[in-house]
>>> print(open('query_39.txt').read())   # compact mmCIF, C-alpha atoms
# COMPACT_ATOMS: atom_id res chain seq x y z
CA MET A 4 190.90 211.52 63.08
CA ALA A 5 189.42 208.02 63.16
CA GLY A 6 189.16 205.97 59.97
CA LEU A 7 185.95 205.56 57.99
CA PRO A 8 184.80 201.92 57.98
CA ASP A 9 181.78 200.99 55.91
CA PRO A 10 178.46 201.44 57.75
CA PRO A 11 176.62 200.17 59.57
CA TYR A 12 178.58 200.36 62.80
CA TRP A 13 178.02 202.06 66.15
CA ALA A 14 179.05 205.31 67.78
CA ALA A 15 179.14 206.12 71.49
CA ILE A 16 178.88 209.92 71.71
CA PHE A 17 180.14 211.12 75.09
CA THR A 18 179.74 214.84 75.82
CA SER A 19 180.99 216.12 79.15
CA ARG A 20 181.57 219.20 81.24
CA ARG A 21 184.41 219.40 83.71
CA ASP A 22 186.67 221.98 85.35
CA GLU A 23 189.12 223.60 82.96
CA GLN A 24 191.90 222.50 85.30
CA PRO A 25 190.77 219.04 86.39
CA ALA A 26 191.93 217.36 89.58
CA ASP A 27 195.04 215.19 89.49
CA GLY A 28 194.92 212.02 87.51
CA TYR A 29 192.46 213.11 84.82
CA ALA A 30 194.86 213.09 81.87
CA GLU A 31 196.49 209.82 82.91
CA THR A 32 193.12 208.13 83.33
CA ALA A 33 191.83 209.48 80.00
CA ASP A 34 194.92 208.22 78.19
CA ARG A 35 194.63 204.85 79.89
CA MET A 36 190.98 204.54 78.84
CA PHE A 37 191.82 205.20 75.17
CA GLU A 38 194.52 202.54 75.41
CA LEU A 39 192.15 200.05 77.04
CA ALA A 40 189.30 200.79 74.62
CA ALA A 41 191.61 200.18 71.67
CA ALA A 42 192.28 196.68 73.02
CA GLN A 43 188.57 195.82 73.36
CA PRO A 44 186.78 193.60 70.82
CA GLY A 45 185.00 195.60 68.14
CA PHE A 46 186.90 198.86 68.65
CA LEU A 47 187.06 200.86 65.40
CA GLY A 48 188.60 204.17 66.48
CA PHE A 49 187.71 207.43 68.20
CA ASP A 50 187.64 211.20 67.82
CA THR A 51 188.00 213.58 70.76
CA ALA A 52 188.12 217.32 71.32
CA ARG A 53 187.65 219.69 74.23
CA ALA A 54 187.15 223.47 74.28
CA ASP A 55 187.27 225.18 77.66
CA GLY A 56 185.43 222.76 79.91
CA ASP A 57 183.19 221.13 77.30
CA GLY A 58 184.41 217.95 75.66
CA ILE A 59 183.20 215.49 73.08
CA THR A 60 184.56 212.01 72.56
CA VAL A 61 183.03 209.77 69.90
CA CYS A 62 184.12 206.16 69.99
CA TYR A 63 183.25 203.80 67.11
CA TRP A 64 182.40 200.11 67.55
CA LYS A 65 181.40 197.22 65.34
CA THR A 66 178.30 196.30 67.34
CA GLU A 67 176.13 197.64 70.13
CA ALA A 68 177.19 194.63 72.24
CA ASP A 69 180.80 195.82 72.00
CA ILE A 70 179.73 199.11 73.63
CA VAL A 71 177.91 197.27 76.41
CA ALA A 72 181.01 195.15 77.05
CA TRP A 73 183.26 198.21 77.14
CA LYS A 74 180.97 199.98 79.60
CA ALA A 75 181.25 197.00 81.95
CA GLN A 76 185.00 196.50 81.58
CA THR A 77 186.34 196.48 85.16
CA GLU A 78 188.97 199.20 84.97
CA HIS A 79 186.69 201.36 82.82
CA ALA A 80 183.84 201.00 85.32
CA ALA A 81 186.19 202.20 88.06
CA ALA A 82 187.21 205.18 85.91
CA GLN A 83 183.54 206.06 85.36
CA ARG A 84 183.02 206.17 89.13
CA GLU A 85 186.12 208.31 89.56
CA GLY A 86 184.93 210.62 86.79
CA ARG A 87 181.65 211.21 88.58
CA ALA A 88 183.36 211.68 91.93
CA ARG A 89 186.24 213.92 90.86
CA TRP A 90 186.19 215.36 87.33
CA TYR A 91 182.85 215.79 85.65
CA SER A 92 180.04 218.12 86.63
CA SER A 93 177.78 216.52 84.01
CA TYR A 94 177.86 214.28 81.00
CA ASP A 95 175.58 212.73 78.40
CA LEU A 96 176.04 209.48 76.54
CA ARG A 97 174.25 208.68 73.30
CA ILE A 98 174.45 205.30 71.59
CA ALA A 99 173.86 205.61 67.87
CA ARG A 100 173.94 203.39 64.81
CA VAL A 101 175.98 204.94 61.98
CA GLU A 102 173.98 204.53 58.78
CA ARG A 103 175.98 206.62 56.31
CA ALA A 104 179.45 208.13 56.31
CA TYR A 105 181.74 209.94 53.95
CA GLY A 106 184.97 211.87 54.10
CA TRP A 107 186.71 214.62 52.22
CA THR A 108 190.43 215.43 52.04
CA ARG A 109 191.98 218.38 50.27
CA GLU A 110 194.07 217.37 47.30
CA SER A 111 197.59 218.53 47.95
CA MET B 29 175.52 220.99 76.13
CA ALA B 30 172.51 220.02 74.03
CA GLY B 31 169.38 218.67 75.70
CA LEU B 32 168.48 214.98 75.81
CA PRO B 33 165.28 214.28 73.86
CA ASP B 34 163.86 210.76 73.93
CA PRO B 35 165.33 208.48 71.23
CA PRO B 36 165.10 207.66 68.47
CA TYR B 37 166.42 210.76 66.73
CA TRP B 38 169.38 211.46 64.47
CA ALA B 39 172.91 212.76 64.89
CA ALA B 40 175.16 214.29 62.23
CA ILE B 41 178.72 213.78 63.51
CA PHE B 42 181.09 216.21 61.78
CA THR B 43 184.80 215.78 62.53
CA SER B 44 187.23 218.16 60.87
CA ARG B 45 190.82 219.25 60.68
CA ARG B 46 191.77 222.83 59.92
CA ASP B 47 194.59 225.28 60.56
CA GLU B 48 194.86 226.36 64.18
CA GLN B 49 194.55 229.95 62.96
CA PRO B 50 191.97 229.71 60.19
CA ALA B 51 191.64 232.22 57.38
CA ASP B 52 189.36 235.22 57.83
CA GLY B 53 185.69 234.59 58.10
CA TYR B 54 185.79 231.17 59.71
CA ALA B 55 184.34 232.13 63.10
CA GLU B 56 181.64 234.34 61.59
CA THR B 57 180.58 231.62 59.17
CA ALA B 58 180.56 228.96 61.89
CA ASP B 59 178.40 231.14 64.14
CA ARG B 60 176.05 231.89 61.26
CA MET B 61 175.68 228.18 60.47
CA PHE B 62 174.70 227.37 64.08
CA GLU B 63 172.14 230.19 63.91
CA LEU B 64 170.76 228.93 60.59
CA ALA B 65 170.69 225.28 61.68
CA ALA B 66 168.72 226.22 64.78
CA ALA B 67 166.04 227.74 62.52
CA GLN B 68 165.72 224.58 60.38
CA PRO B 69 162.83 222.12 60.82
CA GLY B 70 163.70 219.22 63.07
CA PHE B 71 166.70 220.85 64.77
CA LEU B 72 167.16 219.46 68.29
CA GLY B 73 170.47 221.01 69.41
CA PHE B 74 174.21 220.59 68.98
CA ASP B 75 177.49 220.02 70.81
CA THR B 76 180.81 221.33 69.54
CA ALA B 77 184.44 221.32 70.66
CA ARG B 78 187.82 221.87 69.07
CA ALA B 79 191.31 221.08 70.37
CA ASP B 80 194.24 222.42 68.38
CA GLY B 81 193.15 221.88 64.79
CA ASP B 82 190.80 218.93 65.32
CA GLY B 83 187.13 219.68 65.85
CA ILE B 84 183.95 217.74 66.46
CA THR B 85 180.45 219.08 66.02
CA VAL B 86 177.47 216.82 66.64
CA CYS B 87 174.12 218.20 65.53
CA TYR B 88 170.89 216.45 66.55
CA TRP B 89 167.80 216.20 64.34
CA LYS B 90 164.34 214.66 64.54
CA THR B 91 164.61 212.76 61.26
CA GLU B 92 167.18 211.80 58.63
CA ALA B 93 165.22 213.90 56.12
CA ASP B 94 165.88 216.98 58.29
CA ILE B 95 169.62 216.36 57.88
CA VAL B 96 169.26 216.03 54.10
CA ALA B 97 167.33 219.30 53.98
CA TRP B 98 169.93 221.10 56.09
CA LYS B 99 172.75 219.84 53.87
CA ALA B 100 170.99 221.34 50.84
CA GLN B 101 170.05 224.66 52.48
CA THR B 102 171.38 227.34 50.12
CA GLU B 103 173.53 229.38 52.48
CA HIS B 104 174.82 226.23 54.17
CA ALA B 105 175.78 224.71 50.81
CA ALA B 106 177.78 227.86 50.03
CA ALA B 107 179.51 227.61 53.43
CA GLN B 108 180.41 223.97 52.73
CA ARG B 109 182.10 225.02 49.49
CA GLU B 110 183.93 227.82 51.29
CA GLY B 111 185.02 225.39 54.01
CA ARG B 112 186.58 223.09 51.44
CA ALA B 113 188.23 225.97 49.62
CA ARG B 114 189.54 227.92 52.60
CA TRP B 115 189.41 226.30 56.02
CA TYR B 116 189.43 222.54 56.20
CA SER B 117 192.20 220.18 55.21
CA SER B 118 189.89 217.21 55.77
CA TYR B 119 186.60 216.25 57.34
CA ASP B 120 184.32 213.27 57.87
CA LEU B 121 180.56 213.24 58.24
CA ARG B 122 178.68 210.36 59.82
CA ILE B 123 174.89 210.15 59.89
CA ALA B 124 173.69 208.06 62.81
CA ARG B 125 170.42 207.08 64.46
CA VAL B 126 170.47 207.63 68.21
CA GLU B 127 168.97 204.54 69.83
CA ARG B 128 169.68 205.15 73.52
CA ALA B 129 170.73 208.16 75.55
CA TYR B 130 171.19 209.10 79.17
CA GLY B 131 172.72 211.90 81.15
CA TRP B 132 174.27 212.44 84.55
CA THR B 133 174.59 215.66 86.54
CA ARG B 134 176.39 216.07 89.83
CA GLU B 135 174.08 216.82 92.70
CA SER B 136 175.05 220.19 94.12
>>> encode(input="query_39.txt", output="structure tokens")
Amino acid sequence: MAGLPDPPYWAAIFTSRRDEQPADGYAETADRMFELAAAQPGFLGFDTARADGDGITVCYWKTEADIVAWKAQTEHAAAQREGRARWYSSYDLRIARVERAYGWTRES
Amino acid sequence: MAGLPDPPYWAAIFTSRRDEQPADGYAETADRMFELAAAQPGFLGFDTARADGDGITVCYWKTEADIVAWKAQTEHAAAQREGRARWYSSYDLRIARVERAYGWTRES
């Protein structure tokens, strides 16, 4: 799971629906996007999970401008087009400002 | 997937780690919590996914006060205690204000 920086920071909440067995290239492109995002300014981490065809990826950023820059990143923009053309049947994106956060870990 | 109300509204982003085969009662309690949350004031919907042991649930609410009230709801508070005692090894909760949102659906 991602770390817990002190708020405020930003979250891009990406929920998507795709085929359970996506067309070729999905996994490679997804991995490449996580790698690219991690190299972007302001990247703070991400969480991702998928059950059947429904997935959620939450990516954390220092500022809203960092999210805008990531959306426009050239290779990412190409992947977005490919996602619409080949993998996703629908998706939603929510941009949110994290105001409070806390974590819990079982004592071993 | 949840609907897309007009921002601003609030998101409670719950990321968790648990055993892949959780102890008895997990699925029933999780289902009951979704049912209870949906009956709370201000509930707007939720998205949830889990891969292996890592899960993400994002629940959407009209106001931050609605999230505070849901956290304190009696049966939910008991489920939180049970989650810490029996199911989760760790979790994070982030409370965020959704500022922008948009969706895309493939034209059929």
>>> interface_residues(input="query_39.txt", of="chain A", to="chain B", cutoff="6 Å", atoms="all atoms listed in the file", output="NGL selection string")
:A and (52-54 or 92-109)
>>> calpha_fit_and_write(input="query_39.txt", fixed="chain B", moving="chain A", output="JSON list (two decimals) with C-alpha atoms, in the frame of the given file")
[["chain", "number", "residue", "atom", "x", "y", "z"],
["A", 4, "MET", "CA", 175.54, 221.00, 76.14],
["A", 5, "ALA", "CA", 172.53, 220.02, 74.03],
["A", 6, "GLY", "CA", 169.38, 218.67, 75.68],
["A", 7, "LEU", "CA", 168.49, 214.98, 75.81],
["A", 8, "PRO", "CA", 165.29, 214.28, 73.85],
["A", 9, "ASP", "CA", 163.87, 210.78, 73.91],
["A", 10, "PRO", "CA", 165.33, 208.48, 71.24],
["A", 11, "PRO", "CA", 165.10, 207.68, 68.48],
["A", 12, "TYR", "CA", 166.42, 210.76, 66.73],
["A", 13, "TRP", "CA", 169.39, 211.47, 64.47],
["A", 14, "ALA", "CA", 172.91, 212.76, 64.90],
["A", 15, "ALA", "CA", 175.16, 214.29, 62.25],
["A", 16, "ILE", "CA", 178.73, 213.78, 63.52],
["A", 17, "PHE", "CA", 181.09, 216.19, 61.78],
["A", 18, "THR", "CA", 184.80, 215.78, 62.54],
["A", 19, "SER", "CA", 187.22, 218.16, 60.87],
["A", 20, "ARG", "CA", 190.82, 219.25, 60.67],
["A", 21, "ARG", "CA", 191.75, 222.82, 59.91],
["A", 22, "ASP", "CA", 194.56, 225.29, 60.56],
["A", 23, "GLU", "CA", 194.83, 226.38, 64.17],
["A", 24, "GLN", "CA", 194.54, 229.97, 62.96],
["A", 25, "PRO", "CA", 191.95, 229.72, 60.19],
["A", 26, "ALA", "CA", 191.63, 232.24, 57.38],
["A", 27, "ASP", "CA", 189.34, 235.23, 57.84],
["A", 28, "GLY", "CA", 185.67, 234.61, 58.10],
["A", 29, "TYR", "CA", 185.77, 231.17, 59.73],
["A", 30, "ALA", "CA", 184.32, 232.14, 63.11],
["A", 31, "GLU", "CA", 181.64, 234.36, 61.59],
["A", 32, "THR", "CA", 180.58, 231.63, 59.17],
["A", 33, "ALA", "CA", 180.56, 228.97, 61.91],
["A", 34, "ASP", "CA", 178.39, 231.15, 64.13],
["A", 35, "ARG", "CA", 176.06, 231.90, 61.25],
["A", 36, "MET", "CA", 175.68, 228.19, 60.48],
["A", 37, "PHE", "CA", 174.69, 227.38, 64.08],
["A", 38, "GLU", "CA", 172.13, 230.18, 63.90],
["A", 39, "LEU", "CA", 170.76, 228.94, 60.58],
["A", 40, "ALA", "CA", 170.69, 225.29, 61.68],
["A", 41, "ALA", "CA", 168.72, 226.24, 64.79],
["A", 42, "ALA", "CA", 166.04, 227.73, 62.53],
["A", 43, "GLN", "CA", 165.73, 224.58, 60.37],
["A", 44, "PRO", "CA", 162.84, 222.13, 60.80],
["A", 45, "GLY", "CA", 163.71, 219.23, 63.07],
["A", 46, "PHE", "CA", 166.71, 220.85, 64.77],
["A", 47, "LEU", "CA", 167.17, 219.47, 68.30],
["A", 48, "GLY", "CA", 170.48, 221.00, 69.41],
["A", 49, "PHE", "CA", 174.22, 220.59, 68.98],
["A", 50, "ASP", "CA", 177.49, 220.01, 70.81],
["A", 51, "THR", "CA", 180.83, 221.32, 69.54],
["A", 52, "ALA", "CA", 184.44, 221.30, 70.67],
["A", 53, "ARG", "CA", 187.83, 221.84, 69.08],
["A", 54, "ALA", "CA", 191.32, 221.05, 70.38],
["A", 55, "ASP", "CA", 194.25, 222.38, 68.38],
["A", 56, "GLY", "CA", 193.15, 221.87, 64.80],
["A", 57, "ASP", "CA", 190.80, 218.92, 65.33],
["A", 58, "GLY", "CA", 187.13, 219.65, 65.87],
["A", 59, "ILE", "CA", 183.95, 217.73, 66.46],
["A", 60, "THR", "CA", 180.45, 219.08, 66.02],
["A", 61, "VAL", "CA", 177.47, 216.82, 66.64],
["A", 62, "CYS", "CA", 174.13, 218.18, 65.53],
["A", 63, "TYR", "CA", 170.89, 216.44, 66.55],
["A", 64, "TRP", "CA", 167.80, 216.20, 64.33],
["A", 65, "LYS", "CA", 164.36, 214.66, 64.53],
["A", 66, "THR", "CA", 164.63, 212.75, 61.25],
["A", 67, "GLU", "CA", 167.19, 211.80, 58.64],
["A", 68, "ALA", "CA", 165.23, 213.91, 56.12],
["A", 69, "ASP", "CA", 165.88, 216.98, 58.29],
["A", 70, "ILE", "CA", 169.63, 216.36, 57.87],
["A", 71, "VAL", "CA", 169.27, 216.03, 54.11],
["A", 72, "ALA", "CA", 167.33, 219.30, 53.99],
["A", 73, "TRP", "CA", 169.94, 221.09, 56.09],
["A", 74, "LYS", "CA", 172.76, 219.85, 53.88],
["A", 75, "ALA", "CA", 171.00, 221.35, 50.86],
["A", 76, "GLN", "CA", 170.05, 224.65, 52.49],
["A", 77, "THR", "CA", 171.38, 227.33, 50.12],
["A", 78, "GLU", "CA", 173.53, 229.38, 52.47],
["A", 79, "HIS", "CA", 174.82, 226.23, 54.17],
["A", 80, "ALA", "CA", 175.78, 224.70, 50.82],
["A", 81, "ALA", "CA", 177.78, 227.84, 50.04],
["A", 82, "ALA", "CA", 179.50, 227.61, 53.43],
["A", 83, "GLN", "CA", 180.41, 223.97, 52.73],
["A", 84, "ARG", "CA", 182.11, 225.03, 49.50],
["A", 85, "GLU", "CA", 183.94, 227.82, 51.30],
["A", 86, "GLY", "CA", 185.01, 225.38, 54.01],
["A", 87, "ARG", "CA", 186.58, 223.09, 51.45],
["A", 88, "ALA", "CA", 188.22, 225.97, 49.62],
["A", 89, "ARG", "CA", 189.55, 227.93, 52.59],
["A", 90, "TRP", "CA", 189.42, 226.30, 56.03],
["A", 91, "TYR", "CA", 189.42, 222.54, 56.21],
["A", 92, "SER", "CA", 192.19, 220.17, 55.21],
["A", 93, "SER", "CA", 189.87, 217.20, 55.76],
["A", 94, "TYR", "CA", 186.59, 216.25, 57.32],
["A", 95, "ASP", "CA", 184.32, 213.26, 57.87],
["A", 96, "LEU", "CA", 180.57, 213.22, 58.24],
["A", 97, "ARG", "CA", 178.68, 210.35, 59.81],
["A", 98, "ILE", "CA", 174.89, 210.15, 59.90],
["A", 99, "ALA", "CA", 173.69, 208.06, 62.82],
["A", 100, "ARG", "CA", 170.42, 207.09, 64.43],
["A", 101, "VAL", "CA", 170.47, 207.63, 68.21],
["A", 102, "GLU", "CA", 168.97, 204.55, 69.82],
["A", 103, "ARG", "CA", 169.67, 205.15, 73.51],
["A", 104, "ALA", "CA", 170.72, 208.15, 75.56],
["A", 105, "TYR", "CA", 171.19, 209.09, 79.16],
["A", 106, "GLY", "CA", 172.70, 211.90, 81.16],
["A", 107, "TRP", "CA", 174.27, 212.45, 84.53],
["A", 108, "THR", "CA", 174.59, 215.67, 86.54],
["A", 109, "ARG", "CA", 176.40, 216.07, 89.83],
["A", 110, "GLU", "CA", 174.07, 216.85, 92.69],
["A", 111, "SER", "CA", 175.07, 220.20, 94.08]]
>>> closest_residue(input="query_39.txt", among="A:Arg35, A:Gly45, A:Gly28, A:His79", to="Trp64 (chain A)", atoms="only C-alpha atoms")
A:Gly45
>>> atom_distance(input="query_39.txt", atom1="CA of Pro25 (chain A)", atom2="CA of Val71 (chain A)")
27.2 Å
>>> atom_distance(input="query_39.txt", atom1="CA of Asp52 (chain B)", atom2="CA of Arg114 (chain B)")
9.0 Å
>>> atom_distance(input="query_39.txt", atom1="CA of Pro44 (chain A)", atom2="CA of Glu78 (chain A)")
15.4 Å
>>> axis_aligned_box(input="query_39.txt", around="region 75-89 of chain B", padding_each_side="8 Å", output="JSON")
{"center_x": 181.0, "center_y": 219.3, "center_z": 67.6, "size_x": 42.4, "size_y": 22.2, "size_z": 22.5}
>>> build_atoms(input="query_39.txt", residues="region 80-91 of chain B", atoms="all heavy atoms", output="tab-separated table (two decimals), in the coordinates of the input")
chain	number	residue	atom	x	y	z
B	80	ASP	N	193.26	222.16	69.43
B	80	ASP	CA	194.24	222.42	68.38
B	80	ASP	C	193.45	222.52	67.06
B	80	ASP	O	192.48	223.24	66.98
B	80	ASP	CB	195.30	221.32	68.34
B	80	ASP	CG	195.97	221.16	69.70
B	80	ASP	OD1	196.21	222.17	70.37
B	80	ASP	OD2	196.23	220.02	70.09
B	81	GLY	N	193.84	221.76	66.07
B	81	GLY	CA	193.15	221.88	64.79
B	81	GLY	C	192.01	220.90	64.58
B	81	GLY	O	191.30	220.98	63.58
B	82	ASP	N	191.79	219.98	65.54
B	82	ASP	CA	190.80	218.93	65.32
B	82	ASP	C	189.49	219.27	66.03
B	82	ASP	O	189.48	219.47	67.24
B	82	ASP	CB	191.31	217.59	65.85
B	82	ASP	CG	192.37	216.98	64.94
B	82	ASP	OD1	192.43	217.39	63.76
B	82	ASP	OD2	193.13	216.12	65.40
B	83	GLY	N	188.41	219.30	65.28
B	83	GLY	CA	187.13	219.68	65.85
B	83	GLY	C	186.08	218.61	65.66
B	83	GLY	O	186.14	217.79	64.74
B	84	ILE	N	185.11	218.61	66.57
B	84	ILE	CA	183.95	217.74	66.46
B	84	ILE	C	182.71	218.59	66.70
B	84	ILE	O	182.64	219.32	67.68
B	84	ILE	CB	183.96	216.62	67.52
B	84	ILE	CG1	185.25	215.80	67.47
B	84	ILE	CG2	182.74	215.71	67.35
B	84	ILE	CD1	185.35	214.76	68.59
B	85	THR	N	181.76	218.50	65.79
B	85	THR	CA	180.45	219.08	66.02
B	85	THR	C	179.43	217.98	65.80
B	85	THR	O	179.45	217.29	64.78
B	85	THR	CB	180.16	220.25	65.06
B	85	THR	OG1	181.07	221.31	65.34
B	85	THR	CG2	178.74	220.76	65.23
B	86	VAL	N	178.55	217.78	66.78
B	86	VAL	CA	177.47	216.82	66.64
B	86	VAL	C	176.17	217.61	66.67
B	86	VAL	O	175.91	218.35	67.62
B	86	VAL	CB	177.47	215.76	67.75
B	86	VAL	CG1	176.46	214.66	67.42
B	86	VAL	CG2	178.86	215.16	67.94
B	87	CYS	N	175.38	217.48	65.62
B	87	CYS	CA	174.12	218.20	65.53
B	87	CYS	C	173.00	217.16	65.55
B	87	CYS	O	173.09	216.13	64.87
B	87	CYS	CB	174.10	219.03	64.25
B	87	CYS	SG	172.83	220.28	64.24
B	88	TYR	N	171.96	217.43	66.33
B	88	TYR	CA	170.89	216.45	66.55
B	88	TYR	C	169.63	216.90	65.82
B	88	TYR	O	169.27	218.08	65.84
B	88	TYR	CB	170.61	216.29	68.04
B	88	TYR	CG	171.86	216.02	68.83
B	88	TYR	CD1	172.46	217.01	69.61
B	88	TYR	CD2	172.50	214.78	68.76
B	88	TYR	CE1	173.64	216.78	70.31
B	88	TYR	CE2	173.68	214.53	69.45
B	88	TYR	CZ	174.24	215.53	70.22
B	88	TYR	OH	175.42	215.31	70.90
B	89	TRP	N	168.95	215.91	65.19
B	89	TRP	CA	167.80	216.20	64.34
B	89	TRP	C	166.70	215.17	64.56
B	89	TRP	O	167.00	214.01	64.88
B	89	TRP	CB	168.22	216.15	62.86
B	89	TRP	CG	169.28	217.14	62.51
B	89	TRP	CD1	170.63	216.95	62.58
B	89	TRP	CD2	169.09	218.49	62.06
B	89	TRP	NE1	171.29	218.10	62.19
B	89	TRP	CE2	170.37	219.06	61.87
B	89	TRP	CE3	167.96	219.27	61.80
B	89	TRP	CZ2	170.55	220.37	61.44
B	89	TRP	CZ3	168.14	220.58	61.36
B	89	TRP	CH2	169.42	221.12	61.18
B	90	LYS	N	165.46	215.60	64.33
B	90	LYS	CA	164.34	214.66	64.54
B	90	LYS	C	164.38	213.51	63.56
B	90	LYS	O	164.14	212.37	63.93
B	90	LYS	CB	163.00	215.41	64.40
B	90	LYS	CG	162.63	216.20	65.63
B	90	LYS	CD	161.22	216.78	65.51
B	90	LYS	CE	160.95	217.75	66.64
B	90	LYS	NZ	159.72	218.55	66.40
B	91	THR	N	164.66	213.80	62.28
B	91	THR	CA	164.61	212.76	61.26
B	91	THR	C	165.83	212.86	60.34
B	91	THR	O	166.50	213.90	60.27
B	91	THR	CB	163.35	212.88	60.37
B	91	THR	OG1	163.49	214.05	59.54
B	91	THR	CG2	162.09	212.99	61.21
